[in-house]
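File shown: model_6.pdb. Contents: PDB, N, CA and C atoms, pLDDT in the B column.
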MODEL        1
ATOM      1  N   MET O   1      11.467  -0.359   8.475  1.00 75.00           N
ATOM      2  CA  MET O   1      11.671  -0.526   9.891  1.00 75.00           C
ATOM      3  C   MET O   1      10.971   0.588  10.684  1.00 75.00           C
ATOM      4  N   LEU O   2      10.976   1.781  10.122  1.00 85.00           N
ATOM      5  CA  LEU O   2      10.325   2.897  10.811  1.00 85.00           C
ATOM      6  C   LEU O   2       8.843   2.618  11.039  1.00 85.00           C
ATOM      7  N   MET O   3       8.190   2.055  10.035  1.00 88.00           N
ATOM      8  CA  MET O   3       6.753   1.782  10.136  1.00 88.00           C
ATOM      9  C   MET O   3       6.443   0.785  11.243  1.00 88.00           C
ATOM     10  N   LYS O   4       7.364  -0.162  11.483  1.00 85.00           N
ATOM     11  CA  LYS O   4       7.135  -1.151  12.541  1.00 85.00           C
ATOM     12  C   LYS O   4       6.964  -0.483  13.897  1.00 85.00           C
ATOM     13  N   PHE O   5       7.593   0.652  14.070  1.00 87.00           N
ATOM     14  CA  PHE O   5       7.530   1.363  15.341  1.00 87.00           C
ATOM     15  C   PHE O   5       6.564   2.539  15.303  1.00 87.00           C
ATOM     16  N   GLY O   6       5.748   2.598  14.258  1.00 89.00           N
ATOM     17  CA  GLY O   6       4.733   3.640  14.166  1.00 89.00           C
ATOM     18  C   GLY O   6       5.242   4.986  13.696  1.00 89.00           C
ATOM     19  N   ASP O   7       6.468   5.015  13.189  1.00 90.00           N
ATOM     20  CA  ASP O   7       7.050   6.278  12.712  1.00 90.00           C
ATOM     21  C   ASP O   7       6.666   6.513  11.249  1.00 90.00           C
ATOM     22  N   VAL O   8       5.406   6.837  11.027  1.00 95.00           N
ATOM     23  CA  VAL O   8       4.876   6.952   9.667  1.00 95.00           C
ATOM     24  C   VAL O   8       5.483   8.136   8.921  1.00 95.00           C
ATOM     25  N   ASN O   9       5.520   9.292   9.527  1.00 94.00           N
ATOM     26  CA  ASN O   9       6.017  10.491   8.829  1.00 94.00           C
ATOM     27  C   ASN O   9       7.467  10.355   8.370  1.00 94.00           C
ATOM     28  N   PRO O  10       8.388   9.901   9.233  1.00 95.00           N
ATOM     29  CA  PRO O  10       9.761   9.716   8.740  1.00 95.00           C
ATOM     30  C   PRO O  10       9.844   8.669   7.623  1.00 95.00           C
ATOM     31  N   ALA O  11       9.029   7.632   7.701  1.00 95.00           N
ATOM     32  CA  ALA O  11       9.022   6.610   6.648  1.00 95.00           C
ATOM     33  C   ALA O  11       8.544   7.202   5.328  1.00 95.00           C
ATOM     34  N   GLU O  12       7.550   8.088   5.402  1.00 96.00           N
ATOM     35  CA  GLU O  12       7.063   8.746   4.188  1.00 96.00           C
ATOM     36  C   GLU O  12       8.143   9.625   3.567  1.00 96.00           C
ATOM     37  N   VAL O  13       8.915  10.297   4.397  1.00 96.00           N
ATOM     38  CA  VAL O  13      10.007  11.138   3.890  1.00 96.00           C
ATOM     39  C   VAL O  13      11.039  10.275   3.175  1.00 96.00           C
ATOM     40  N   VAL O  14      11.409   9.161   3.788  1.00 96.00           N
ATOM     41  CA  VAL O  14      12.373   8.254   3.161  1.00 96.00           C
ATOM     42  C   VAL O  14      11.819   7.742   1.834  1.00 96.00           C
ATOM     43  N   PHE O  15      10.556   7.342   1.829  1.00 96.00           N
ATOM     44  CA  PHE O  15       9.936   6.836   0.603  1.00 96.00           C
ATOM     45  C   PHE O  15       9.928   7.903  -0.491  1.00 96.00           C
ATOM     46  N   GLU O  16       9.504   9.095  -0.153  1.00 97.00           N
ATOM     47  CA  GLU O  16       9.407  10.173  -1.147  1.00 97.00           C
ATOM     48  C   GLU O  16      10.765  10.578  -1.703  1.00 97.00           C
ATOM     49  N   THR O  17      11.811  10.477  -0.902  1.00 97.00           N
ATOM     50  CA  THR O  17      13.141  10.882  -1.366  1.00 97.00           C
ATOM     51  C   THR O  17      13.896   9.749  -2.059  1.00 97.00           C
ATOM     52  N   THR O  18      13.352   8.550  -2.023  1.00 96.00           N
ATOM     53  CA  THR O  18      13.962   7.426  -2.731  1.00 96.00           C
ATOM     54  C   THR O  18      13.732   7.613  -4.228  1.00 96.00           C
ATOM     55  N   GLN O  19      14.820   7.621  -4.982  1.00 96.00           N
ATOM     56  CA  GLN O  19      14.703   7.915  -6.409  1.00 96.00           C
ATOM     57  C   GLN O  19      14.294   6.709  -7.246  1.00 96.00           C
ATOM     58  N   ASN O  20      14.860   5.571  -6.995  1.00 96.00           N
ATOM     59  CA  ASN O  20      14.582   4.379  -7.803  1.00 96.00           C
ATOM     60  C   ASN O  20      13.716   3.405  -7.018  1.00 96.00           C
ATOM     61  N   LYS O  21      12.437   3.697  -6.966  1.00 96.00           N
ATOM     62  CA  LYS O  21      11.516   2.848  -6.213  1.00 96.00           C
ATOM     63  C   LYS O  21      11.262   1.553  -6.978  1.00 96.00           C
ATOM     64  N   THR O  22      11.186   0.457  -6.223  1.00 97.00           N
ATOM     65  CA  THR O  22      10.903  -0.856  -6.792  1.00 97.00           C
ATOM     66  C   THR O  22       9.596  -1.374  -6.198  1.00 97.00           C
ATOM     67  N   LEU O  23       9.175  -2.548  -6.646  1.00 96.00           N
ATOM     68  CA  LEU O  23       7.987  -3.163  -6.058  1.00 96.00           C
ATOM     69  C   LEU O  23       8.192  -3.440  -4.574  1.00 96.00           C
ATOM     70  N   VAL O  24       9.419  -3.753  -4.197  1.00 96.00           N
ATOM     71  CA  VAL O  24       9.719  -3.988  -2.779  1.00 96.00           C
ATOM     72  C   VAL O  24       9.517  -2.703  -1.986  1.00 96.00           C
ATOM     73  N   THR O  25       9.961  -1.594  -2.532  1.00 96.00           N
ATOM     74  CA  THR O  25       9.791  -0.295  -1.868  1.00 96.00           C
ATOM     75  C   THR O  25       8.313   0.028  -1.687  1.00 96.00           C
ATOM     76  N   TYR O  26       7.542  -0.137  -2.764  1.00 97.00           N
ATOM     77  CA  TYR O  26       6.102   0.119  -2.681  1.00 97.00           C
ATOM     78  C   TYR O  26       5.432  -0.844  -1.707  1.00 97.00           C
ATOM     79  N   GLY O  27       5.805  -2.104  -1.771  1.00 97.00           N
ATOM     80  CA  GLY O  27       5.203  -3.103  -0.887  1.00 97.00           C
ATOM     81  C   GLY O  27       5.486  -2.824   0.580  1.00 97.00           C
ATOM     82  N   ALA O  28       6.718  -2.450   0.886  1.00 96.00           N
ATOM     83  CA  ALA O  28       7.075  -2.150   2.273  1.00 96.00           C
ATOM     84  C   ALA O  28       6.281  -0.959   2.795  1.00 96.00           C
ATOM     85  N   MET O  29       6.151   0.054   1.966  1.00 97.00           N
ATOM     86  CA  MET O  29       5.407   1.242   2.385  1.00 97.00           C
ATOM     87  C   MET O  29       3.929   0.925   2.564  1.00 97.00           C
ATOM     88  N   MET O  30       3.369   0.188   1.613  1.00 97.00           N
ATOM     89  CA  MET O  30       1.951  -0.166   1.703  1.00 97.00           C
ATOM     90  C   MET O  30       1.677  -1.034   2.924  1.00 97.00           C
ATOM     91  N   GLN O  31       2.546  -2.021   3.180  1.00 97.00           N
ATOM     92  CA  GLN O  31       2.360  -2.881   4.348  1.00 97.00           C
ATOM     93  C   GLN O  31       2.494  -2.066   5.628  1.00 97.00           C
ATOM     94  N   GLY O  32       3.403  -1.111   5.636  1.00 97.00           N
ATOM     95  CA  GLY O  32       3.544  -0.237   6.794  1.00 97.00           C
ATOM     96  C   GLY O  32       2.283   0.553   7.072  1.00 97.00           C
ATOM     97  N   TYR O  33       1.664   1.040   6.016  1.00 97.00           N
ATOM     98  CA  TYR O  33       0.394   1.751   6.188  1.00 97.00           C
ATOM     99  C   TYR O  33      -0.673   0.826   6.773  1.00 97.00           C
ATOM    100  N   VAL O  34      -0.782  -0.382   6.240  1.00 97.00           N
ATOM    101  CA  VAL O  34      -1.784  -1.328   6.744  1.00 97.00           C
ATOM    102  C   VAL O  34      -1.513  -1.646   8.211  1.00 97.00           C
ATOM    103  N   THR O  35      -0.257  -1.869   8.553  1.00 96.00           N
ATOM    104  CA  THR O  35       0.124  -2.186   9.930  1.00 96.00           C
ATOM    105  C   THR O  35      -0.242  -1.061  10.889  1.00 96.00           C
ATOM    106  N   ASN O  36      -0.174   0.174  10.404  1.00 96.00           N
ATOM    107  CA  ASN O  36      -0.460   1.341  11.245  1.00 96.00           C
ATOM    108  C   ASN O  36      -1.885   1.863  11.068  1.00 96.00           C
ATOM    109  N   ASP O  37      -2.777   0.970  10.640  1.00 96.00           N
ATOM    110  CA  ASP O  37      -4.200   1.309  10.482  1.00 96.00           C
ATOM    111  C   ASP O  37      -4.427   2.485   9.536  1.00 96.00           C
ATOM    112  N   LEU O  38      -3.626   2.541   8.491  1.00 96.00           N
ATOM    113  CA  LEU O  38      -3.762   3.579   7.465  1.00 96.00           C
ATOM    114  C   LEU O  38      -3.985   2.917   6.102  1.00 96.00           C
ATOM    115  N   SER O  39      -4.915   1.975   6.083  1.00 96.00           N
ATOM    116  CA  SER O  39      -5.158   1.203   4.865  1.00 96.00           C
ATOM    117  C   SER O  39      -5.596   2.072   3.696  1.00 96.00           C
ATOM    118  N   ASP O  40      -6.262   3.185   3.987  1.00 95.00           N
ATOM    119  CA  ASP O  40      -6.658   4.090   2.907  1.00 95.00           C
ATOM    120  C   ASP O  40      -5.433   4.649   2.185  1.00 95.00           C
ATOM    121  N   LYS O  41      -4.370   4.927   2.942  1.00 97.00           N
ATOM    122  CA  LYS O  41      -3.132   5.414   2.327  1.00 97.00           C
ATOM    123  C   LYS O  41      -2.460   4.309   1.514  1.00 97.00           C
ATOM    124  N   ALA O  42      -2.579   3.071   1.979  1.00 97.00           N
ATOM    125  CA  ALA O  42      -2.022   1.945   1.220  1.00 97.00           C
ATOM    126  C   ALA O  42      -2.710   1.828  -0.132  1.00 97.00           C
ATOM    127  N   LEU O  43      -4.029   1.983  -0.149  1.00 95.00           N
ATOM    128  CA  LEU O  43      -4.775   1.907  -1.408  1.00 95.00           C
ATOM    129  C   LEU O  43      -4.426   3.071  -2.325  1.00 95.00           C
ATOM    130  N   ASP O  44      -4.284   4.262  -1.749  1.00 96.00           N
ATOM    131  CA  ASP O  44      -3.893   5.428  -2.554  1.00 96.00           C
ATOM    132  C   ASP O  44      -2.526   5.204  -3.201  1.00 96.00           C
ATOM    133  N   LEU O  45      -1.593   4.673  -2.420  1.00 97.00           N
ATOM    134  CA  LEU O  45      -0.251   4.427  -2.943  1.00 97.00           C
ATOM    135  C   LEU O  45      -0.286   3.353  -4.031  1.00 97.00           C
ATOM    136  N   PHE O  46      -1.082   2.324  -3.831  1.00 96.00           N
ATOM    137  CA  PHE O  46      -1.217   1.279  -4.848  1.00 96.00           C
ATOM    138  C   PHE O  46      -1.702   1.875  -6.166  1.00 96.00           C
ATOM    139  N   GLU O  47      -2.662   2.760  -6.092  1.00 93.00           N
ATOM    140  CA  GLU O  47      -3.208   3.366  -7.306  1.00 93.00           C
ATOM    141  C   GLU O  47      -2.209   4.296  -7.993  1.00 93.00           C
ATOM    142  N   LYS O  48      -1.253   4.827  -7.248  1.00 94.00           N
ATOM    143  CA  LYS O  48      -0.228   5.712  -7.822  1.00 94.00           C
ATOM    144  C   LYS O  48       0.997   4.945  -8.327  1.00 94.00           C
ATOM    145  N   ASN O  49       1.089   3.669  -7.985  1.00 93.00           N
ATOM    146  CA  ASN O  49       2.243   2.856  -8.345  1.00 93.00           C
ATOM    147  C   ASN O  49       2.361   2.747  -9.866  1.00 93.00           C
ATOM    148  N   PRO O  50       3.464   3.250 -10.451  1.00 92.00           N
ATOM    149  CA  PRO O  50       3.615   3.188 -11.908  1.00 92.00           C
ATOM    150  C   PRO O  50       4.143   1.836 -12.402  1.00 92.00           C
ATOM    151  N   LEU O  51       4.562   0.992 -11.477  1.00 93.00           N
ATOM    152  CA  LEU O  51       5.137  -0.301 -11.845  1.00 93.00           C
ATOM    153  C   LEU O  51       4.044  -1.358 -11.970  1.00 93.00           C
ATOM    154  N   LYS O  52       4.352  -2.432 -12.677  1.00 93.00           N
ATOM    155  CA  LYS O  52       3.404  -3.541 -12.809  1.00 93.00           C
ATOM    156  C   LYS O  52       3.374  -4.296 -11.486  1.00 93.00           C
ATOM    157  N   SER O  53       2.215  -4.378 -10.885  1.00 90.00           N
ATOM    158  CA  SER O  53       2.079  -5.008  -9.571  1.00 90.00           C
ATOM    159  C   SER O  53       2.264  -6.518  -9.659  1.00 90.00           C
ATOM    160  N   ASN O  54       2.635  -7.104  -8.525  1.00 94.00           N
ATOM    161  CA  ASN O  54       2.795  -8.549  -8.444  1.00 94.00           C
ATOM    162  C   ASN O  54       1.875  -9.110  -7.362  1.00 94.00           C
ATOM    163  N   GLU O  55       1.986 -10.407  -7.127  1.00 93.00           N
ATOM    164  CA  GLU O  55       1.108 -11.077  -6.172  1.00 93.00           C
ATOM    165  C   GLU O  55       1.245 -10.526  -4.757  1.00 93.00           C
ATOM    166  N   VAL O  56       2.447 -10.126  -4.390  1.00 95.00           N
ATOM    167  CA  VAL O  56       2.672  -9.595  -3.041  1.00 95.00           C
ATOM    168  C   VAL O  56       1.898  -8.294  -2.851  1.00 95.00           C
ATOM    169  N   LEU O  57       1.981  -7.402  -3.821  1.00 95.00           N
ATOM    170  CA  LEU O  57       1.243  -6.139  -3.711  1.00 95.00           C
ATOM    171  C   LEU O  57      -0.256  -6.384  -3.705  1.00 95.00           C
ATOM    172  N   TYR O  58      -0.706  -7.343  -4.517  1.00 93.00           N
ATOM    173  CA  TYR O  58      -2.135  -7.658  -4.520  1.00 93.00           C
ATOM    174  C   TYR O  58      -2.582  -8.178  -3.154  1.00 93.00           C
ATOM    175  N   ALA O  59      -1.759  -8.999  -2.516  1.00 95.00           N
ATOM    176  CA  ALA O  59      -2.106  -9.512  -1.185  1.00 95.00           C
ATOM    177  C   ALA O  59      -2.206  -8.370  -0.175  1.00 95.00           C
ATOM    178  N   ILE O  60      -1.282  -7.427  -0.246  1.00 96.00           N
ATOM    179  CA  ILE O  60      -1.323  -6.274   0.657  1.00 96.00           C
ATOM    180  C   ILE O  60      -2.578  -5.450   0.398  1.00 96.00           C
ATOM    181  N   VAL O  61      -2.904  -5.249  -0.873  1.00 94.00           N
ATOM    182  CA  VAL O  61      -4.099  -4.472  -1.223  1.00 94.00           C
ATOM    183  C   VAL O  61      -5.356  -5.167  -0.716  1.00 94.00           C
ATOM    184  N   TYR O  62      -5.427  -6.480  -0.882  1.00 92.00           N
ATOM    185  CA  TYR O  62      -6.609  -7.203  -0.391  1.00 92.00           C
ATOM    186  C   TYR O  62      -6.730  -7.092   1.129  1.00 92.00           C
ATOM    187  N   ASN O  63      -5.605  -7.124   1.833  1.00 94.00           N
ATOM    188  CA  ASN O  63      -5.645  -6.919   3.291  1.00 94.00           C
ATOM    189  C   ASN O  63      -6.143  -5.521   3.628  1.00 94.00           C
ATOM    190  N   ALA O  64      -5.676  -4.533   2.886  1.00 94.00           N
ATOM    191  CA  ALA O  64      -6.128  -3.155   3.111  1.00 94.00           C
ATOM    192  C   ALA O  64      -7.618  -3.033   2.830  1.00 94.00           C
ATOM    193  N   CYS O  65      -8.067  -3.646   1.741  1.00 92.00           N
ATOM    194  CA  CYS O  65      -9.497  -3.607   1.394  1.00 92.00           C
ATOM    195  C   CYS O  65     -10.333  -4.259   2.488  1.00 92.00           C
ATOM    196  N   ALA O  66      -9.865  -5.391   2.989  1.00 91.00           N
ATOM    197  CA  ALA O  66     -10.608  -6.100   4.033  1.00 91.00           C
ATOM    198  C   ALA O  66     -10.677  -5.290   5.319  1.00 91.00           C
ATOM    199  N   SER O  67      -9.609  -4.590   5.648  1.00 92.00           N
ATOM    200  CA  SER O  67      -9.622  -3.819   6.894  1.00 92.00           C
ATOM    201  C   SER O  67     -10.499  -2.577   6.779  1.00 92.00           C
ATOM    202  N   LEU O  68     -10.608  -2.018   5.581  1.00 90.00           N
ATOM    203  CA  LEU O  68     -11.440  -0.825   5.401  1.00 90.00           C
ATOM    204  C   LEU O  68     -12.910  -1.164   5.199  1.00 90.00           C
ATOM    205  N   SER O  69     -13.154  -2.101   4.315  1.00 85.00           N
ATOM    206  CA  SER O  69     -14.531  -2.522   3.985  1.00 85.00           C
ATOM    207  C   SER O  69     -15.444  -1.348   3.632  1.00 85.00           C
ATOM    208  N   ASN O  70     -14.894  -0.339   2.964  1.00 88.00           N
ATOM    209  CA  ASN O  70     -15.739   0.765   2.501  1.00 88.00           C
ATOM    210  C   ASN O  70     -15.940   0.646   0.989  1.00 88.00           C
ATOM    211  N   GLU O  71     -16.702   1.545   0.419  1.00 87.00           N
ATOM    212  CA  GLU O  71     -17.046   1.449  -1.001  1.00 87.00           C
ATOM    213  C   GLU O  71     -15.809   1.496  -1.896  1.00 87.00           C
ATOM    214  N   LYS O  72     -14.875   2.402  -1.592  1.00 84.00           N
ATOM    215  CA  LYS O  72     -13.654   2.500  -2.394  1.00 84.00           C
ATOM    216  C   LYS O  72     -12.887   1.185  -2.357  1.00 84.00           C
ATOM    217  N   ALA O  73     -12.755   0.616  -1.174  1.00 86.00           N
ATOM    218  CA  ALA O  73     -12.012  -0.631  -1.014  1.00 86.00           C
ATOM    219  C   ALA O  73     -12.687  -1.774  -1.761  1.00 86.00           C
ATOM    220  N   ILE O  74     -13.994  -1.840  -1.667  1.00 85.00           N
ATOM    221  CA  ILE O  74     -14.737  -2.903  -2.349  1.00 85.00           C
ATOM    222  C   ILE O  74     -14.577  -2.779  -3.860  1.00 85.00           C
ATOM    223  N   GLN O  75     -14.701  -1.566  -4.380  1.00 88.00           N
ATOM    224  CA  GLN O  75     -14.580  -1.351  -5.821  1.00 88.00           C
ATOM    225  C   GLN O  75     -13.173  -1.681  -6.321  1.00 88.00           C
ATOM    226  N   LEU O  76     -12.152  -1.266  -5.577  1.00 86.00           N
ATOM    227  CA  LEU O  76     -10.779  -1.557  -5.985  1.00 86.00           C
ATOM    228  C   LEU O  76     -10.518  -3.056  -5.926  1.00 86.00           C
ATOM    229  N   GLY O  77     -10.973  -3.712  -4.873  1.00 82.00           N
ATOM    230  CA  GLY O  77     -10.812  -5.161  -4.765  1.00 82.00           C
ATOM    231  C   GLY O  77     -11.455  -5.890  -5.926  1.00 82.00           C
ATOM    232  N   LYS O  78     -12.657  -5.491  -6.291  1.00 85.00           N
ATOM    233  CA  LYS O  78     -13.350  -6.109  -7.433  1.00 85.00           C
ATOM    234  C   LYS O  78     -12.600  -5.847  -8.735  1.00 85.00           C
ATOM    235  N   LYS O  79     -12.114  -4.619  -8.903  1.00 84.00           N
ATOM    236  CA  LYS O  79     -11.388  -4.254 -10.124  1.00 84.00           C
ATOM    237  C   LYS O  79     -10.143  -5.122 -10.288  1.00 84.00           C
ATOM    238  N   ILE O  80      -9.384  -5.282  -9.213  1.00 82.00           N
ATOM    239  CA  ILE O  80      -8.168  -6.090  -9.271  1.00 82.00           C
ATOM    240  C   ILE O  80      -8.514  -7.550  -9.542  1.00 82.00           C
ATOM    241  N   PHE O  81      -9.539  -8.043  -8.882  1.00 82.00           N
ATOM    242  CA  PHE O  81      -9.939  -9.438  -9.053  1.00 82.00           C
ATOM    243  C   PHE O  81     -10.355  -9.720 -10.493  1.00 82.00           C
ATOM    244  N   ASP O  82     -10.991  -8.758 -11.130  1.00 82.00           N
ATOM    245  CA  ASP O  82     -11.480  -8.943 -12.493  1.00 82.00           C
ATOM    246  C   ASP O  82     -10.382  -8.839 -13.555  1.00 82.00           C
ATOM    247  N   GLU O  83      -9.221  -8.311 -13.174  1.00 78.00           N
ATOM    248  CA  GLU O  83      -8.133  -8.139 -14.160  1.00 78.00           C
ATOM    249  C   GLU O  83      -7.473  -9.423 -14.520  1.00 78.00           C
TER     250      GLU O  83
ENDMDL
END
Write the structure described by the file as structure tokens, please.
Amino acid sequence: MLMKFGDVNPAEVVFETTQNKTLVTYGAMMQGYVTNDLSDKALDLFEKNPLKSNEVLYAIVYNACASLSNEKAIQLGKKIFDE
């Protein structure tokens, strides 16, 4: 909810202090980054995610890649697509 209102820093604190992160937790944080034009942070978080990703996270990552359209985003998008 914090990310919806642009409160990125407090959302990051909540995320970092959450002990049992799930795919939903990662997805919410990543989508919040994309919503706040921080797609690079969404990609960084995706790469740090220790859990097995699902279709929802892949959709968020593809949105982040599309919004960035830089070399890192293109390479990550291709890597995921090839898996």
Hey, what's within 8 Å of Asn36 of chain O if we count only C-alpha atoms and toss same-chain stuff fewer than 4 positions away? As a ChimeraX atom specification, please?
/O:3,6,8,32
Among chain O, which ones does DSSP assign to alpha helix (DSSP H) (computed from the backbone)? Answer as a ChimeraX atom specification.
/O:8-17,23-35,39-48,55-68,71-82
One number please: atom C of Tyr33 of chain O to atom CA of Ala64 of chain O, in Å, one decimal.
7.7 Å
Nearest to Ala28 of chain O, chosen from O:Met1, O:Asn70, O:Leu43, O:Cys65, with only N, CA and C atoms counted in the distances
O:Met1
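Here, the PyMOL selection byres (((chain O and resi 47 and name CA) around 12) and name CA) matches Tyr26, Met30, Asp40, Lys41, Ala42, Leu43, Asp44, Leu45, Phe46, Lys48, Asn49, Pro50, Leu51, Lys52, Ser53, Leu57, Tyr58, Val61, Lys72, Ala73, Leu76, Gly77, Lys79 and Ile80 of chain O.
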Given only C-alpha atoms as the basis, pick out the residue of O:Val14, O:Ser67, O:Val56, O:Asn9 nearest to Thr35 of chain O.
O:Ser67
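Candidate residues O:Thr18, O:Asn54, O:Gln75, O:Asn63 were compared for distance to Val34 of chain O, and the nearest is O:Asn63, using only C-alpha atoms.
In this model, the gap between atom CA of Ala59 of chain O and atom CA of Lys4 of chain O comes to 18.5 Å.
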A straight line from atom CA of Tyr62 of chain O to atom N of Val13 of chain O spans 23.9 Å
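Distances from O:Thr22, O:Phe15, O:Glu83, O:Ser39 to Leu68 of chain O were compared using only C-alpha atoms, and the smallest one belongs to O:Ser39.
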